[in-house]
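Novice: One structure, pasted below without further comment.
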Amino acid sequence: MSRRAGTARRAIAPAFVLAVLMSASQASAAAAADPSNDDIRLELSPRICTLAAEDKQCDTWVHARWQSPHEESLCLVIVDRPEIKRCWENYSEGTYNIELVFTEDLIFQLRDIDLRRVLASEALRVIRAAIHYRHKRRQPWNLFD
């Protein structure tokens with residue numbers, strides 16, 4: 001390889017790195033300007049339903065609250081429960097309270113008004129209490145008794 005070719009490569013390398021860094025910073029600036037990347041928060045209370053050994057299902061009031069840095073038109077839905085849906089148009093926050101009876105985990109989703117895109121998701125988990133058997137302590141072997 002000639003000395004001239006090596007010098008040209010060393011001159012191109014910093015220019016290439018600079019171009020890559022500039023395009024990356026422009027992409028992150030475009031992402032920051034894009035409102036679809038804003039952080040929409042969804043909070044559930046309670047987040048866990050603990051079933052005792054004798055309980056068959058959870059029966060509880062669920063409080064859902066969402067917030068967005070700008071106004072949104074969206075719907076709160078529960079996956080596998082199409083009859084439950086609450087929508088807001090042009091709001092930056094909302095709350096929804098509902099009494100639910102369920103036996104398995106529930107997934108709450110905030111979706112766009114057309115229900116096509118999921119904007120946030122939270123799970124309400126069901127935990128079944130483990131049945132603990134208390135083992136009687138046996139006396140250790142005693143050869144001299």
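Quick note on naming: the chains in the structure tokens go A, B, ... in the order shown, residues restart at 1 in each chain, and ligands are numbered from 1 in order of appearance.
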Quick one: everything within 12 Å of Lys85 in chain A, counting only C-alpha atoms, minus sequence neighbours fewer than 2 positions away in the same chain. Send it as a PDB file with N, CA and C atoms, in the first residue's frame.
Specialist:
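Result saved to part.pdb:
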```
ATOM      1  N   LEU A  74     -57.289   8.830  23.741  1.00  0.00           N
ATOM      2  CA  LEU A  74     -56.943   7.427  23.939  1.00  0.00           C
ATOM      3  C   LEU A  74     -58.008   6.693  24.728  1.00  0.00           C
ATOM      4  N   CYS A  75     -57.844   5.380  24.789  1.00  0.00           N
ATOM      5  CA  CYS A  75     -58.792   4.524  25.499  1.00  0.00           C
ATOM      6  C   CYS A  75     -58.042   3.582  26.419  1.00  0.00           C
ATOM      7  N   LEU A  76     -58.633   3.348  27.578  1.00  0.00           N
ATOM      8  CA  LEU A  76     -58.133   2.355  28.516  1.00  0.00           C
ATOM      9  C   LEU A  76     -58.948   1.085  28.318  1.00  0.00           C
ATOM     10  N   VAL A  77     -58.266  -0.018  28.066  1.00  0.00           N
ATOM     11  CA  VAL A  77     -58.937  -1.295  27.846  1.00  0.00           C
ATOM     12  C   VAL A  77     -58.270  -2.366  28.706  1.00  0.00           C
ATOM     13  N   ILE A  78     -59.005  -3.439  28.929  1.00  0.00           N
ATOM     14  CA  ILE A  78     -58.454  -4.611  29.605  1.00  0.00           C
ATOM     15  C   ILE A  78     -58.412  -5.722  28.566  1.00  0.00           C
ATOM     16  N   VAL A  79     -57.229  -6.281  28.371  1.00  0.00           N
ATOM     17  CA  VAL A  79     -57.054  -7.342  27.384  1.00  0.00           C
ATOM     18  C   VAL A  79     -57.950  -8.520  27.772  1.00  0.00           C
ATOM     19  N   ASP A  80     -58.611  -9.107  26.812  1.00  0.00           N
ATOM     20  CA  ASP A  80     -59.536 -10.234  26.976  1.00  0.00           C
ATOM     21  C   ASP A  80     -60.836  -9.852  27.685  1.00  0.00           C
ATOM     22  N   ARG A  81     -61.089  -8.565  27.859  1.00  0.00           N
ATOM     23  CA  ARG A  81     -62.368  -8.101  28.413  1.00  0.00           C
ATOM     24  C   ARG A  81     -62.862  -6.941  27.530  1.00  0.00           C
ATOM     25  N   PRO A  82     -63.361  -7.239  26.337  1.00  0.00           N
ATOM     26  CA  PRO A  82     -63.752  -6.186  25.392  1.00  0.00           C
ATOM     27  C   PRO A  82     -64.903  -5.313  25.893  1.00  0.00           C
ATOM     28  N   GLU A  83     -65.668  -5.809  26.862  1.00  0.00           N
ATOM     29  CA  GLU A  83     -66.795  -5.017  27.369  1.00  0.00           C
ATOM     30  C   GLU A  83     -66.334  -3.856  28.246  1.00  0.00           C
ATOM     31  N   CYS A  87     -62.753   5.820  27.278  1.00  0.00           N
ATOM     32  CA  CYS A  87     -62.002   6.666  26.354  1.00  0.00           C
ATOM     33  C   CYS A  87     -62.029   8.128  26.787  1.00  0.00           C
ATOM     34  N   TRP A  88     -60.972   8.848  26.420  1.00  0.00           N
ATOM     35  CA  TRP A  88     -60.846  10.285  26.639  1.00  0.00           C
ATOM     36  C   TRP A  88     -60.403  10.916  25.320  1.00  0.00           C
ATOM     37  N   TYR A  96     -59.884   6.216  36.216  1.00  0.00           N
ATOM     38  CA  TYR A  96     -60.995   5.304  36.005  1.00  0.00           C
ATOM     39  C   TYR A  96     -61.025   4.325  37.164  1.00  0.00           C
ATOM     40  N   ASN A  97     -62.189   4.175  37.792  1.00  0.00           N
ATOM     41  CA  ASN A  97     -62.371   3.244  38.900  1.00  0.00           C
ATOM     42  C   ASN A  97     -63.401   2.196  38.489  1.00  0.00           C
ATOM     43  N   ILE A  98     -63.080   0.942  38.783  1.00  0.00           N
ATOM     44  CA  ILE A  98     -63.982  -0.138  38.407  1.00  0.00           C
ATOM     45  C   ILE A  98     -63.834  -1.283  39.399  1.00  0.00           C
ATOM     46  N   PHE A 108     -53.948  -4.156  31.622  1.00  0.00           N
ATOM     47  CA  PHE A 108     -54.574  -2.888  31.277  1.00  0.00           C
ATOM     48  C   PHE A 108     -53.707  -2.212  30.226  1.00  0.00           C
ATOM     49  N   GLN A 109     -54.350  -1.678  29.182  1.00  0.00           N
ATOM     50  CA  GLN A 109     -53.608  -1.003  28.122  1.00  0.00           C
ATOM     51  C   GLN A 109     -54.239   0.341  27.802  1.00  0.00           C
ATOM     52  N   LEU A 110     -53.382   1.339  27.576  1.00  0.00           N
ATOM     53  CA  LEU A 110     -53.817   2.608  26.999  1.00  0.00           C
ATOM     54  C   LEU A 110     -53.528   2.515  25.509  1.00  0.00           C
ATOM     55  N   ARG A 111     -54.559   2.693  24.708  1.00  0.00           N
ATOM     56  CA  ARG A 111     -54.403   2.598  23.254  1.00  0.00           C
ATOM     57  C   ARG A 111     -54.865   3.891  22.596  1.00  0.00           C
ATOM     58  N   ILE A 113     -57.091   6.131  19.985  1.00  0.00           N
ATOM     59  CA  ILE A 113     -58.557   6.159  19.910  1.00  0.00           C
ATOM     60  C   ILE A 113     -59.104   5.095  18.958  1.00  0.00           C
ATOM     61  N   LEU A 115     -57.819   2.122  18.756  1.00  0.00           N
ATOM     62  CA  LEU A 115     -57.469   0.867  19.417  1.00  0.00           C
ATOM     63  C   LEU A 115     -56.436   0.043  18.653  1.00  0.00           C
TER      64      LEU A 115
END
```
Novice: May I ask which of the residues A:Ser121, A:Ser45, A:Thr95, A:Thr103 is the closest one to Gln67 in chain A, counting only C-alpha atoms?
Specialist: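 Going through A:Ser121, A:Ser45, A:Thr95, A:Thr103 one by one, the smallest distance to Gln67 in chain A is for A:Thr95.
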Novice: Write out as a list in words which residues come within 10 Å of Ser68 in chain A when counting only C-alpha atoms, dropping same-chain ones fewer than 3 positions away.
Specialist: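 So, after excluding close chain neighbours, the residues are Asp38, Asp39, Ile40, Arg41, Leu42, Glu71, Glu72, Tyr91, Ser92, Glu93 and Gly94 of chain A.
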